[in-house]
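Quick notes on the structure that follows.
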Amino acid sequence: MNVRYARCQGAELITEDGRRILDFLSGYCVHNAGHNHPDIVAAVKSELDRNGPGMLQSHVPEMAGTLAQELCRRAGGRLAKALFCSSGSEGVEAAIKFARAHTRRNALLSADGAFHGLTCGALSLMSDPFWSEGFGPMLADVEHVPFGDLEGLAAQLSSRRFAALVLEPIQGEGGIRIPEPSYLKSAQELCRRYGTLLVLDEVQTGLHRTGPFLASHHYAVDPDMVVLAKALSGGLVPTGALLMTDDIYGSVFNSLKRSIVHTSTFGENGLSMRAALATLGVLDREHLGEQSASLGAVLRDRLRARLSGYEMVKEVRGMGLMNGIEFAPPRRMALRLGFESFKAIHAGMFGQIVVMRLFRDHGVLTQMCGNNFMVLKAAPPLVVDEAQIDTFVEAMGAVVELMHT
Ligand code: PMP
């Protein structure tokens, strides 16, 4: 969409011609603290004004140590060390390297429908050829299991020695897929039994998107590594992080017997560190985790009430403010267009019509999930208010009604 924005604040985007757009996408879960939060903007500006060492690769800035401690304290469990990078994909790449070096195994396991990023290692973890086709061979030794299937996972883990199982606690691009509550904990127990590390990709689900700091906190799971990015630095500068246990960090550095194991030029730059610390402050002070949990429940209740009874709405689901509306395009509409069922038409087309209608007719910005074109995202900045939730619900109701008739 070729729209030019003049100003973005909170959950609202103002176009150059003065139109107010309600953001229910959050840059794919980047703007948890809202657009241009004044405290984060001020922190970034003051870091620039300080004229301090912005990118000085020869030393680790103190702020990186503070941020590592703050992240590990919030993540909890055995997570005690952090490596910084500039994106989610880079964090996943680092996790693959550390898992292989620590376990001295090569094979990797991930879930069908997952999205882990578009660099070659991360892409190898994704079962859908849509993203990798045309880009040559991906990593060897990668297998995929159906997401949520414990029996399949047990069989697979016992079949060969995997370095790591990489999972999203809730699949974002896969269609806001939420596994059974016991899934992650049981997956962790299976991993321990077979000496496989559990890596959780919380790039979308982290930073209070689903309520608690990490989505895995819903499930009392204790992962070996966690990847964070997106919302980590308030949507102003790019930052990613790989959190891991002391054991993994120590063993990889010791076994490789060299001081530089994995670095990234911009990994610990002052602006990113400062923005991330400011973001954590905002998330805490404004209780955005609690807000995400409570307003998420309000959003789902109101959506379900408004959209019930329409054939094209299969399910409304989510956790906190990470929500999806799954469509089942009405057969009647397909017949009218001369198709036996909607399967005959590119599924993405249906979703894109909803997306365009929401934007054009109602000033609501969102998107379909990247690996599941039948699920629409409802993931506003966590600073959204109830009136804005009502605006979204009404817009959805109007679009569904229009497409139904
Ligand atoms: N993991 C998950 C779960 C993601 O959703 C994404 C991006 N959509 C990534 C990793 C990759 O992050 P980035 O685009 O910052 O490389």
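By order in the structure tokens, chains are A, B, ...; within a chain, residues start at 1; ligands start at 1, following the order shown.
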
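Inspection of the environment of ligand 1, which uses only C-alpha atoms and all ligand atoms and a cut-off of 6 Å, identifies the neighbouring residues as Ser87, Gly88, Ser89, Phe115, His116, Gly117, Gly172, Asp201, Val203, Gln204 and Lys230 of chain A.
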
Hey, could you make a per-residue contact list for stretch 35-136 of chain A against stretch 5-9 of chain A with 8 Å as the cut-off, showing the nearest pair of atoms and its distance in Å to one decimal, counting only C-alpha atoms, sorted by chain and number, as a Markdown table?
```
| residue | atom | partner | partner_atom | distance |
| --- | --- | --- | --- | --- |
| A:His35 | CA | A:Gln9 | CA | 4.7 |
| A:Asn36 | CA | A:Gln9 | CA | 5.7 |
| A:His37 | CA | A:Gln9 | CA | 7.1 |
```

Write a file of the selected residues as a compact mmCIF listing (two decimals), in the first residue's frame, keeping C-alpha atoms.
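Output file selection-v9.txt is given in full below:
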```
# COMPACT_ATOMS: atom_id res chain seq x y z
CA HIS A 35 4.67 4.31 18.09
CA ASN A 36 7.26 6.90 19.04
CA HIS A 37 6.83 6.56 22.79
```

Check your understanding: Which polymer residues have any atom within 7 Å of an atom of stretch 250-265 of chain A, counting only C-alpha atoms, with same-chain residues fewer than 4 positions away left out, as a list of chain:residue names?
Key -> A:Gln57, A:Cys85, A:Phe98, A:Ala101, A:His102, A:Asp246

Go ahead and save the picked residues with N, CA and C atoms, as a short mmCIF file (atom, residue, chain, number, x, y, z; two decimals), in the first residue's frame.
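Writing the result to part.cif gives the following:
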```cif
data_model
loop_
_atom_site.label_atom_id
_atom_site.label_comp_id
_atom_site.auth_asym_id
_atom_site.auth_seq_id
_atom_site.Cartn_x
_atom_site.Cartn_y
_atom_site.Cartn_z
N GLN A 57 33.55 -1.36 18.53
CA GLN A 57 33.56 -2.82 18.64
C GLN A 57 34.63 -3.36 19.58
N CYS A 85 22.34 -8.70 18.74
CA CYS A 85 22.46 -8.63 17.27
C CYS A 85 21.43 -7.61 16.80
N PHE A 98 25.26 -21.92 18.35
CA PHE A 98 25.58 -22.27 19.74
C PHE A 98 25.04 -23.66 20.09
N ALA A 101 27.49 -26.13 18.50
CA ALA A 101 28.81 -26.16 19.16
C ALA A 101 28.70 -26.78 20.55
N HIS A 102 27.61 -26.48 21.25
CA HIS A 102 27.47 -26.99 22.62
C HIS A 102 27.22 -28.50 22.64
N ASP A 246 24.29 -20.20 31.35
CA ASP A 246 25.73 -20.08 31.60
C ASP A 246 26.47 -21.28 31.00
#
```

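With distances restricted to only C-alpha atoms, A:Asn106 is the closest residue to A:Asp141 from A:Thr210, A:Asn269, A:Ser26, A:Asn106.
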
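Distances to A:Met312 were evaluated for A:Phe266, A:Tyr249, A:Phe350, A:Tyr28 using only C-alpha atoms, and the minimum falls at A:Phe350.
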
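The residues of stretch 18-142 of chain A that DSSP classifies as strand (DSSP E), using the backbone of this structure, are Arg20, Ile21, Leu22, Asp23, Leu79, Ala80, Lys81, Ala82, Leu83, Phe84, Cys85, Ala107, Leu108, Leu109, Ser110, Ala111 and Val142 of chain A.
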
With only C-alpha atoms as the counted atoms, please give the residues lying no more than 8 Å from stretch 161-170 of chain A, apart from itself and same-chain residues fewer than 3 positions off, as a PDB file with C-alpha atoms, in the first residue's frame.
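Saved result, part-v2.pdb, follows:
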```
ATOM      1  CA  ILE A  96      21.739 -22.669  15.662  1.00  0.00           C
ATOM      2  CA  ALA A  99      23.323 -25.347  19.853  1.00  0.00           C
ATOM      3  CA  ARG A 100      25.590 -27.172  17.410  1.00  0.00           C
ATOM      4  CA  THR A 103      25.985 -30.391  21.789  1.00  0.00           C
ATOM      5  CA  ARG A 104      28.493 -31.303  19.069  1.00  0.00           C
ATOM      6  CA  ARG A 105      25.527 -32.465  17.035  1.00  0.00           C
ATOM      7  CA  ASN A 106      24.356 -31.045  13.716  1.00  0.00           C
ATOM      8  CA  ALA A 107      20.733 -32.071  13.239  1.00  0.00           C
ATOM      9  CA  LEU A 108      17.974 -29.565  13.975  1.00  0.00           C
ATOM     10  CA  LEU A 109      14.281 -30.023  14.546  1.00  0.00           C
ATOM     11  CA  SER A 110      11.525 -27.440  14.121  1.00  0.00           C
ATOM     12  CA  ALA A 111       7.769 -27.298  13.653  1.00  0.00           C
ATOM     13  CA  ALA A 114       6.953 -22.051  11.816  1.00  0.00           C
ATOM     14  CA  LEU A 125      13.995 -24.357   9.927  1.00  0.00           C
ATOM     15  CA  LEU A 157      13.618 -36.999  19.007  1.00  0.00           C
ATOM     16  CA  SER A 158      14.343 -40.657  19.687  1.00  0.00           C
ATOM     17  CA  ILE A 176      -1.673 -17.549  15.676  1.00  0.00           C
ATOM     18  CA  ARG A 177      -1.518 -21.250  16.467  1.00  0.00           C
ATOM     19  CA  ILE A 178      -1.665 -21.913  20.203  1.00  0.00           C
ATOM     20  CA  PRO A 179      -0.620 -25.390  21.326  1.00  0.00           C
ATOM     21  CA  LEU A 184       5.954 -26.848  25.694  1.00  0.00           C
ATOM     22  CA  CYS A 191      14.377 -32.679  24.865  1.00  0.00           C
ATOM     23  CA  TYR A 194      17.415 -37.008  24.490  1.00  0.00           C
ATOM     24  CA  GLY A 195      20.077 -34.383  25.166  1.00  0.00           C
ATOM     25  CA  THR A 196      18.502 -31.910  22.729  1.00  0.00           C
ATOM     26  CA  LEU A 197      18.427 -28.197  23.546  1.00  0.00           C
ATOM     27  CA  LEU A 198      15.103 -26.363  23.567  1.00  0.00           C
ATOM     28  CA  VAL A 199      15.337 -23.016  21.760  1.00  0.00           C
ATOM     29  CA  LEU A 200      12.288 -20.768  21.969  1.00  0.00           C
ATOM     30  CA  ASP A 201      11.821 -18.138  19.295  1.00  0.00           C
ATOM     31  CA  GLU A 202      10.005 -15.355  21.169  1.00  0.00           C
ATOM     32  CA  THR A 205       5.617 -13.411  21.377  1.00  0.00           C
ATOM     33  CA  ALA A 215       4.825 -16.330  26.142  1.00  0.00           C
ATOM     34  CA  SER A 216       6.656 -19.339  27.566  1.00  0.00           C
TER      35      SER A 216
END
```

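Residue nearest A:Asp39 within the list A:Glu394, A:Glu286, A:Glu151, A:Asp222: A:Glu286 [criterion: smallest interatomic distance, only C-alpha atoms].
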